[in-house]
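The structure file model.cif is reproduced below (mmCIF, N, CA and C atoms).
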```cif
data_run
loop_
_atom_site.label_atom_id
_atom_site.label_comp_id
_atom_site.auth_asym_id
_atom_site.auth_seq_id
_atom_site.Cartn_x
_atom_site.Cartn_y
_atom_site.Cartn_z
N MET A 1 0.84 -1.18 0.00
CA MET A 1 0.00 0.00 0.00
C MET A 1 0.89 1.25 0.00
N ALA A 2 0.48 2.25 -0.70
CA ALA A 2 1.25 3.49 -0.82
C ALA A 2 1.27 4.25 0.50
N LEU A 3 2.34 4.98 0.70
CA LEU A 3 2.46 5.83 1.87
C LEU A 3 1.49 7.00 1.77
N ARG A 4 1.03 7.46 2.89
CA ARG A 4 0.19 8.65 2.94
C ARG A 4 1.10 9.88 2.88
N ILE A 5 0.59 10.97 2.33
CA ILE A 5 1.37 12.22 2.26
C ILE A 5 1.83 12.62 3.66
N LYS A 6 0.94 12.52 4.64
CA LYS A 6 1.27 12.92 6.01
C LYS A 6 2.42 12.07 6.56
N ASP A 7 2.46 10.78 6.21
CA ASP A 7 3.56 9.92 6.67
C ASP A 7 4.90 10.43 6.14
N CYS A 8 4.92 10.80 4.86
CA CYS A 8 6.15 11.31 4.26
C CYS A 8 6.55 12.64 4.88
N TRP A 9 5.58 13.51 5.06
CA TRP A 9 5.83 14.83 5.63
C TRP A 9 6.38 14.69 7.05
N ASP A 10 5.73 13.83 7.84
CA ASP A 10 6.18 13.62 9.22
C ASP A 10 7.60 13.07 9.27
N GLU A 11 7.93 12.19 8.34
CA GLU A 11 9.27 11.60 8.31
C GLU A 11 10.33 12.63 7.94
N LEU A 12 10.02 13.49 6.99
CA LEU A 12 10.96 14.55 6.62
C LEU A 12 11.20 15.50 7.79
N VAL A 13 10.15 15.84 8.51
CA VAL A 13 10.30 16.69 9.71
C VAL A 13 11.13 15.96 10.76
N LYS A 14 10.84 14.70 10.99
CA LYS A 14 11.57 13.91 11.98
C LYS A 14 13.06 13.85 11.66
N GLN A 15 13.40 13.60 10.39
CA GLN A 15 14.80 13.50 9.99
C GLN A 15 15.51 14.85 10.10
N THR A 16 14.79 15.93 9.85
CA THR A 16 15.38 17.27 9.97
C THR A 16 15.61 17.61 11.44
N ILE A 17 14.68 17.25 12.30
CA ILE A 17 14.85 17.45 13.75
C ILE A 17 16.07 16.68 14.24
N ALA A 18 16.26 15.45 13.72
CA ALA A 18 17.37 14.60 14.15
C ALA A 18 18.73 15.21 13.86
N LEU A 19 18.79 16.16 12.93
CA LEU A 19 20.07 16.83 12.64
C LEU A 19 20.56 17.66 13.83
N GLU A 20 19.61 18.08 14.68
CA GLU A 20 19.91 18.91 15.85
C GLU A 20 20.62 20.21 15.47
N LYS A 21 20.22 20.80 14.36
CA LYS A 21 20.81 22.05 13.89
C LYS A 21 19.83 23.22 13.95
N PHE A 22 18.54 22.91 14.12
CA PHE A 22 17.50 23.93 14.07
C PHE A 22 16.79 24.04 15.41
N GLN A 23 16.41 25.26 15.77
CA GLN A 23 15.62 25.47 16.98
C GLN A 23 14.16 25.10 16.75
N ASP A 24 13.73 25.15 15.49
CA ASP A 24 12.34 24.88 15.15
C ASP A 24 12.29 24.19 13.78
N VAL A 25 11.54 23.10 13.69
CA VAL A 25 11.31 22.42 12.42
C VAL A 25 9.81 22.17 12.34
N LYS A 26 9.20 22.62 11.25
CA LYS A 26 7.74 22.50 11.12
C LYS A 26 7.35 22.10 9.72
N ALA A 27 6.30 21.29 9.64
CA ALA A 27 5.61 21.06 8.37
C ALA A 27 4.78 22.32 8.14
N MET A 28 4.87 22.86 6.95
CA MET A 28 4.21 24.14 6.68
C MET A 28 3.46 24.05 5.35
N PRO A 29 2.20 24.48 5.32
CA PRO A 29 1.47 24.50 4.05
C PRO A 29 1.95 25.64 3.16
N ILE A 30 1.84 25.44 1.86
CA ILE A 30 2.34 26.41 0.89
C ILE A 30 1.68 27.78 1.03
N ASN A 31 0.39 27.80 1.36
CA ASN A 31 -0.28 29.11 1.48
C ASN A 31 0.32 29.93 2.61
N ARG A 32 0.82 29.28 3.64
CA ARG A 32 1.41 30.00 4.77
C ARG A 32 2.75 30.64 4.39
N VAL A 33 3.58 29.91 3.65
CA VAL A 33 4.88 30.47 3.28
C VAL A 33 4.77 31.45 2.11
N ASN A 34 3.62 31.56 1.51
CA ASN A 34 3.39 32.57 0.48
C ASN A 34 2.64 33.78 1.01
N ASP A 35 2.40 33.82 2.29
CA ASP A 35 1.68 34.92 2.92
C ASP A 35 2.67 36.04 3.25
N ALA A 36 2.46 37.20 2.65
CA ALA A 36 3.39 38.32 2.83
C ALA A 36 3.54 38.72 4.29
N ALA A 37 2.46 38.67 5.05
CA ALA A 37 2.53 39.04 6.47
C ALA A 37 3.40 38.05 7.24
N PHE A 38 3.28 36.77 6.93
CA PHE A 38 4.09 35.74 7.57
C PHE A 38 5.57 35.95 7.26
N LEU A 39 5.88 36.27 6.01
CA LEU A 39 7.27 36.45 5.58
C LEU A 39 7.94 37.69 6.18
N LYS A 40 7.16 38.61 6.71
CA LYS A 40 7.75 39.82 7.33
C LYS A 40 8.35 39.54 8.69
N THR A 41 7.74 38.62 9.45
CA THR A 41 8.19 38.41 10.83
C THR A 41 8.39 36.94 11.21
N PHE A 42 7.92 36.00 10.40
CA PHE A 42 7.97 34.57 10.73
C PHE A 42 7.48 34.35 12.16
N PRO A 43 6.24 34.73 12.44
CA PRO A 43 5.72 34.69 13.81
C PRO A 43 5.74 33.30 14.43
N GLY A 44 6.17 33.24 15.68
CA GLY A 44 6.14 32.00 16.44
C GLY A 44 7.29 31.05 16.16
N LEU A 45 8.19 31.37 15.25
CA LEU A 45 9.31 30.49 14.96
C LEU A 45 10.53 30.85 15.79
N LYS A 46 11.21 29.84 16.30
CA LYS A 46 12.49 30.04 16.97
C LYS A 46 13.57 29.85 15.91
N MET A 47 14.51 30.76 15.87
CA MET A 47 15.55 30.75 14.83
C MET A 47 16.82 30.05 15.30
N PRO A 48 17.50 29.34 14.41
CA PRO A 48 17.15 29.10 13.02
C PRO A 48 16.04 28.06 12.92
N ALA A 49 15.27 28.19 11.86
CA ALA A 49 14.14 27.30 11.64
C ALA A 49 14.23 26.65 10.27
N CYS A 50 13.58 25.50 10.14
CA CYS A 50 13.47 24.83 8.84
C CYS A 50 12.00 24.48 8.64
N LEU A 51 11.44 24.95 7.55
CA LEU A 51 10.04 24.69 7.21
C LEU A 51 10.02 23.68 6.07
N ILE A 52 9.31 22.58 6.25
CA ILE A 52 9.20 21.56 5.22
C ILE A 52 7.85 21.77 4.53
N VAL A 53 7.90 22.09 3.23
CA VAL A 53 6.71 22.49 2.48
C VAL A 53 6.48 21.52 1.32
N LEU A 54 5.27 20.98 1.22
CA LEU A 54 4.87 20.16 0.07
C LEU A 54 4.43 21.09 -1.04
N LEU A 55 5.04 20.95 -2.21
CA LEU A 55 4.69 21.79 -3.35
C LEU A 55 3.67 21.12 -4.26
N ASP A 56 3.96 19.90 -4.68
CA ASP A 56 3.05 19.17 -5.55
C ASP A 56 3.53 17.73 -5.67
N GLY A 57 2.81 16.95 -6.44
CA GLY A 57 3.21 15.56 -6.63
C GLY A 57 2.45 14.94 -7.79
N ASN A 58 2.85 13.73 -8.12
CA ASN A 58 2.13 12.99 -9.15
C ASN A 58 2.19 11.50 -8.86
N ASN A 59 1.28 10.79 -9.48
CA ASN A 59 1.20 9.35 -9.29
C ASN A 59 1.12 8.70 -10.67
N ALA A 60 1.96 7.72 -10.90
CA ALA A 60 1.94 6.99 -12.16
C ALA A 60 1.58 5.53 -11.88
N ALA A 61 0.51 5.06 -12.50
CA ALA A 61 0.12 3.66 -12.39
C ALA A 61 0.87 2.88 -13.46
N LEU A 62 1.73 1.97 -13.03
CA LEU A 62 2.57 1.20 -13.95
C LEU A 62 2.32 -0.29 -13.75
N GLY A 63 1.38 -0.84 -14.48
CA GLY A 63 1.06 -2.26 -14.34
C GLY A 63 0.58 -2.55 -12.93
N GLN A 64 1.29 -3.42 -12.24
CA GLN A 64 0.92 -3.79 -10.87
C GLN A 64 1.50 -2.83 -9.82
N GLU A 65 2.27 -1.86 -10.27
CA GLU A 65 2.90 -0.95 -9.33
C GLU A 65 2.39 0.48 -9.48
N SER A 66 2.58 1.23 -8.44
CA SER A 66 2.25 2.64 -8.43
C SER A 66 3.51 3.40 -8.03
N LYS A 67 3.84 4.42 -8.80
CA LYS A 67 5.02 5.22 -8.47
C LYS A 67 4.57 6.65 -8.18
N ARG A 68 4.87 7.12 -7.00
CA ARG A 68 4.52 8.48 -6.60
C ARG A 68 5.77 9.32 -6.46
N SER A 69 5.70 10.52 -7.00
CA SER A 69 6.76 11.51 -6.83
C SER A 69 6.16 12.75 -6.20
N ARG A 70 6.91 13.36 -5.30
CA ARG A 70 6.46 14.60 -4.69
C ARG A 70 7.60 15.60 -4.69
N HIS A 71 7.24 16.87 -4.84
CA HIS A 71 8.22 17.96 -4.82
C HIS A 71 8.06 18.72 -3.51
N TRP A 72 9.18 19.01 -2.89
CA TRP A 72 9.22 19.65 -1.57
C TRP A 72 10.17 20.83 -1.58
N ASN A 73 9.97 21.71 -0.62
CA ASN A 73 10.95 22.75 -0.29
C ASN A 73 11.28 22.63 1.18
N ALA A 74 12.56 22.71 1.49
CA ALA A 74 13.00 22.92 2.86
C ALA A 74 13.42 24.38 2.89
N ILE A 75 12.73 25.18 3.67
CA ILE A 75 13.03 26.61 3.74
C ILE A 75 13.76 26.86 5.05
N ILE A 76 15.00 27.29 4.91
CA ILE A 76 15.85 27.55 6.07
C ILE A 76 15.82 29.05 6.34
N VAL A 77 15.42 29.40 7.56
CA VAL A 77 15.25 30.80 7.95
C VAL A 77 16.08 31.07 9.19
N ASP A 78 16.82 32.16 9.15
CA ASP A 78 17.54 32.58 10.35
C ASP A 78 17.42 34.09 10.49
N SER A 79 17.39 34.54 11.72
CA SER A 79 17.34 35.97 11.99
C SER A 79 18.65 36.59 11.54
N ASP A 80 18.55 37.75 10.89
CA ASP A 80 19.74 38.37 10.32
C ASP A 80 19.70 39.90 10.51
N PRO A 81 19.66 40.36 11.77
CA PRO A 81 19.52 41.80 11.99
C PRO A 81 20.71 42.63 11.51
N ASP A 82 21.91 42.03 11.48
CA ASP A 82 23.10 42.81 11.09
C ASP A 82 23.73 42.35 9.77
N GLY A 83 23.08 41.42 9.07
CA GLY A 83 23.59 40.98 7.77
C GLY A 83 24.68 39.93 7.82
N SER A 84 24.90 39.31 8.97
CA SER A 84 25.99 38.35 9.09
C SER A 84 25.53 36.89 9.15
N ALA A 85 24.24 36.63 9.03
CA ALA A 85 23.72 35.26 9.19
C ALA A 85 23.95 34.38 7.97
N TRP A 86 24.39 34.95 6.88
CA TRP A 86 24.51 34.15 5.66
C TRP A 86 25.45 32.96 5.83
N GLU A 87 26.56 33.13 6.56
CA GLU A 87 27.50 32.02 6.74
C GLU A 87 26.86 30.87 7.50
N LYS A 88 26.16 31.18 8.57
CA LYS A 88 25.48 30.14 9.34
C LYS A 88 24.38 29.51 8.49
N SER A 89 23.68 30.31 7.72
CA SER A 89 22.59 29.81 6.88
C SER A 89 23.08 28.82 5.84
N ILE A 90 24.18 29.14 5.19
CA ILE A 90 24.65 28.21 4.15
C ILE A 90 25.23 26.94 4.77
N GLU A 91 25.73 27.02 5.99
CA GLU A 91 26.14 25.80 6.70
C GLU A 91 24.92 24.93 6.98
N LEU A 92 23.80 25.56 7.34
CA LEU A 92 22.57 24.81 7.58
C LEU A 92 22.05 24.17 6.29
N VAL A 93 22.21 24.86 5.18
CA VAL A 93 21.84 24.29 3.87
C VAL A 93 22.67 23.02 3.63
N ASP A 94 23.98 23.12 3.82
CA ASP A 94 24.85 21.95 3.64
C ASP A 94 24.47 20.82 4.59
N ASP A 95 24.20 21.16 5.86
CA ASP A 95 23.82 20.15 6.84
C ASP A 95 22.54 19.42 6.44
N PHE A 96 21.56 20.17 5.93
CA PHE A 96 20.31 19.55 5.50
C PHE A 96 20.56 18.63 4.30
N MET A 97 21.30 19.13 3.31
CA MET A 97 21.56 18.31 2.13
C MET A 97 22.32 17.03 2.49
N ASP A 98 23.33 17.15 3.35
CA ASP A 98 24.13 15.98 3.73
C ASP A 98 23.38 15.03 4.66
N GLY A 99 22.51 15.57 5.51
CA GLY A 99 21.87 14.76 6.53
C GLY A 99 20.52 14.18 6.17
N VAL A 100 19.80 14.78 5.23
CA VAL A 100 18.43 14.33 4.94
C VAL A 100 18.29 13.79 3.51
N LEU A 101 18.96 14.43 2.57
CA LEU A 101 18.80 14.04 1.17
C LEU A 101 19.63 12.80 0.83
N ASP A 102 19.28 12.17 -0.29
CA ASP A 102 19.99 11.01 -0.81
C ASP A 102 19.96 9.83 0.17
N LYS A 103 18.78 9.61 0.75
CA LYS A 103 18.61 8.53 1.72
C LYS A 103 17.24 7.88 1.52
N GLN A 104 17.08 6.73 2.17
CA GLN A 104 15.78 6.06 2.17
C GLN A 104 15.28 5.96 3.60
N TYR A 105 13.96 6.12 3.74
CA TYR A 105 13.32 6.08 5.06
C TYR A 105 12.09 5.19 5.01
N LEU A 106 11.49 5.01 6.17
CA LEU A 106 10.25 4.24 6.30
C LEU A 106 10.39 2.87 5.66
N ASP A 107 11.37 2.11 6.18
CA ASP A 107 11.66 0.76 5.67
C ASP A 107 11.93 0.76 4.18
N ASN A 108 12.66 1.76 3.71
CA ASN A 108 13.06 1.91 2.32
C ASN A 108 11.89 2.15 1.36
N GLU A 109 10.73 2.50 1.88
CA GLU A 109 9.59 2.81 1.01
C GLU A 109 9.63 4.24 0.50
N LEU A 110 10.31 5.12 1.23
CA LEU A 110 10.40 6.52 0.85
C LEU A 110 11.85 6.83 0.47
N THR A 111 12.05 7.22 -0.79
CA THR A 111 13.37 7.62 -1.26
C THR A 111 13.41 9.14 -1.38
N VAL A 112 14.37 9.75 -0.69
CA VAL A 112 14.58 11.19 -0.81
C VAL A 112 15.77 11.35 -1.73
N ASN A 113 15.51 11.91 -2.89
CA ASN A 113 16.57 12.02 -3.89
C ASN A 113 17.66 13.00 -3.45
N GLY A 114 18.86 12.75 -3.94
CA GLY A 114 19.99 13.60 -3.59
C GLY A 114 20.08 14.86 -4.43
N SER A 115 19.46 14.85 -5.60
CA SER A 115 19.48 16.03 -6.45
C SER A 115 18.58 17.11 -5.87
N CYS A 116 19.04 18.35 -5.92
CA CYS A 116 18.23 19.43 -5.37
C CYS A 116 18.65 20.75 -6.00
N ASP A 117 17.83 21.75 -5.81
CA ASP A 117 18.15 23.12 -6.21
C ASP A 117 18.16 23.96 -4.96
N VAL A 118 19.15 24.81 -4.83
CA VAL A 118 19.24 25.71 -3.69
C VAL A 118 19.13 27.14 -4.21
N SER A 119 18.29 27.92 -3.57
CA SER A 119 18.18 29.32 -4.00
C SER A 119 17.94 30.21 -2.79
N ALA A 120 18.38 31.44 -2.92
CA ALA A 120 18.10 32.44 -1.89
C ALA A 120 16.69 32.95 -2.10
N ALA A 121 15.99 33.20 -1.02
CA ALA A 121 14.63 33.75 -1.10
C ALA A 121 14.67 35.18 -0.58
N PHE A 122 13.85 35.99 -1.16
CA PHE A 122 13.84 37.41 -0.81
C PHE A 122 12.56 37.73 -0.05
N SER A 123 12.68 38.35 1.09
CA SER A 123 11.49 38.81 1.81
C SER A 123 11.81 40.13 2.52
N THR A 124 12.65 40.06 3.52
CA THR A 124 12.98 41.23 4.31
C THR A 124 14.44 41.13 4.74
N PRO A 125 15.13 42.23 4.87
CA PRO A 125 16.55 42.16 5.26
C PRO A 125 16.79 41.63 6.68
N ARG A 126 15.74 41.50 7.46
CA ARG A 126 15.91 41.01 8.84
C ARG A 126 16.11 39.50 8.92
N PHE A 127 15.98 38.80 7.77
CA PHE A 127 16.10 37.34 7.78
C PHE A 127 16.98 36.86 6.63
N SER A 128 17.70 35.78 6.89
CA SER A 128 18.44 35.08 5.85
C SER A 128 17.61 33.84 5.50
N ILE A 129 17.23 33.70 4.22
CA ILE A 129 16.32 32.64 3.82
C ILE A 129 16.87 31.91 2.60
N TYR A 130 16.95 30.59 2.71
CA TYR A 130 17.35 29.74 1.58
C TYR A 130 16.32 28.64 1.40
N GLN A 131 16.05 28.31 0.14
CA GLN A 131 15.12 27.24 -0.21
C GLN A 131 15.90 26.10 -0.84
N ILE A 132 15.61 24.90 -0.38
CA ILE A 132 16.18 23.70 -0.98
C ILE A 132 15.01 22.94 -1.59
N SER A 133 14.99 22.85 -2.91
CA SER A 133 13.93 22.12 -3.61
C SER A 133 14.42 20.71 -3.90
N PHE A 134 13.62 19.71 -3.49
CA PHE A 134 14.02 18.32 -3.68
C PHE A 134 12.78 17.46 -3.94
N THR A 135 13.00 16.22 -4.35
CA THR A 135 11.88 15.33 -4.63
C THR A 135 11.99 14.05 -3.81
N THR A 136 10.84 13.44 -3.60
CA THR A 136 10.79 12.12 -2.99
C THR A 136 10.09 11.18 -3.97
N GLU A 137 10.37 9.90 -3.84
CA GLU A 137 9.71 8.89 -4.65
C GLU A 137 9.29 7.74 -3.76
N GLU A 138 8.16 7.15 -4.11
CA GLU A 138 7.65 5.98 -3.41
C GLU A 138 7.24 4.96 -4.46
N ALA A 139 7.49 3.72 -4.17
CA ALA A 139 7.01 2.64 -5.04
C ALA A 139 6.15 1.72 -4.19
N ALA A 140 5.00 1.34 -4.72
CA ALA A 140 4.10 0.47 -3.98
C ALA A 140 3.35 -0.44 -4.94
N THR A 141 2.89 -1.56 -4.42
CA THR A 141 2.07 -2.47 -5.21
C THR A 141 0.65 -1.93 -5.25
N ARG A 142 0.04 -1.99 -6.44
CA ARG A 142 -1.34 -1.53 -6.58
C ARG A 142 -2.30 -2.61 -6.15
#
```
Produce structure tokens that represent the structure in this file.
Amino acid sequence: MALRIKDCWDELVKQTIALEKFQDVKAMPINRVNDAAFLKTFPGLKMPACLIVLLDGNNAALGQESKRSRHWNAIIVDSDPDGSAWEKSIELVDDFMDGVLDKQYLDNELTVNGSCDVSAAFSTPRFSIYQISFTTEEAATR
């Protein structure tokens, strides 16, 4: 049976917490991270934070098997009042890529691909924000 989206999301959050690099790790819906008011202050988050966001996904029925792919963003946010947080932020990007990506979880049912895109996000000068876009794949019997 295929994994539930929530199972995958929970596992990605769990693995990010296990890095012990972030003060806050949360599953976050896309509408929340696209909210201009939220991006001004990141209310309620302890810095540095990592937000795991589901972007989209697809399912391919292949004979007796089902293959699901999902696209995610890990958004790394750190307070940057004086403009010096970029070094710590890019270390957190490296830590996330090395510690979470290119691995299998949930009894090897969830594959987190090692390929990713990293980009700086623009919101307000008070925060250093980087996005890591990556995909997961699941294979299951139909």
Explicit residues for the PyMOL selection byres ((chain A and resi 30) around 8) (as a PyMOL selection string): chain A and resi 27-29+31-35+52-55
Residues of stretch 28-97 of chain A that have any atom at most 9 Å from an atom of stretch 115-123 of chain A: could you tabulate them with the shortest-distance atom pair and the distance in Å to one decimal, using only C-alpha atoms, ordered by chain and increasing number, as JSON lines?
```
{"residue": "A:Ala36", "atom": "CA", "partner": "A:Ser123", "partner_atom": "CA", "distance": 8.2}
{"residue": "A:Leu39", "atom": "CA", "partner": "A:Ser123", "partner_atom": "CA", "distance": 6.1}
{"residue": "A:Lys40", "atom": "CA", "partner": "A:Ser123", "partner_atom": "CA", "distance": 6.7}
{"residue": "A:Ile75", "atom": "CA", "partner": "A:Ala121", "partner_atom": "CA", "distance": 8.8}
{"residue": "A:Val93", "atom": "CA", "partner": "A:Val118", "partner_atom": "CA", "distance": 8.1}
{"residue": "A:Met97", "atom": "CA", "partner": "A:Cys116", "partner_atom": "CA", "distance": 8.3}
```
Atomic separation - atom CA of A:Thr111 relative to atom N of A:Ala60, Å: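 The value is 14.9 Å.
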Distance query A:Asp95 at most 8 Å, only N, CA and C atoms, self and fewer than 6 positions along chain excluded, as a list in words: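 In the requested format, the answer is Leu19, Lys21, Ser89 and Leu101 of chain A.
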Residues near A:Leu92, cut-off 8 Å, all atoms listed in the file, skip fewer than 4 positions along chain, as a list in words: Lys21, Phe22, Ile76, Trp86, Glu87, Lys88, Phe96, Met97 and Asp98 of chain A
Members of stretch 67-129 of chain A assigned strand (DSSP E) by DSSP, as an MDAnalysis selection string: chainID A and resid 67:79 103:105 110:120 127:129
Selection: 8 Å around A:Thr16, only C-alpha atoms, excl. self and same-chain fewer than 2 positions, as a VMD selection string: chain A and resid 12 to 14 18 to 20 25 50 96 99 to 100
Residue IDs satisfying the PyMOL selection byres ((chain A and resi 68) around 7), as a list in words: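 Taken on the displayed file, the PyMOL selection byres ((chain A and resi 68) around 7) yields the residues Gly57, Asn58, Asn59, Ala60, Ser66, Lys67, Ser69, Arg70, Thr136, Glu137, Glu138, Ala139 and Ala140 of chain A.
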Alpha helix (DSSP H) positions in chain A, given as a PyMOL selection string: chain A and resi 5-18+30-33+36-41+86-99
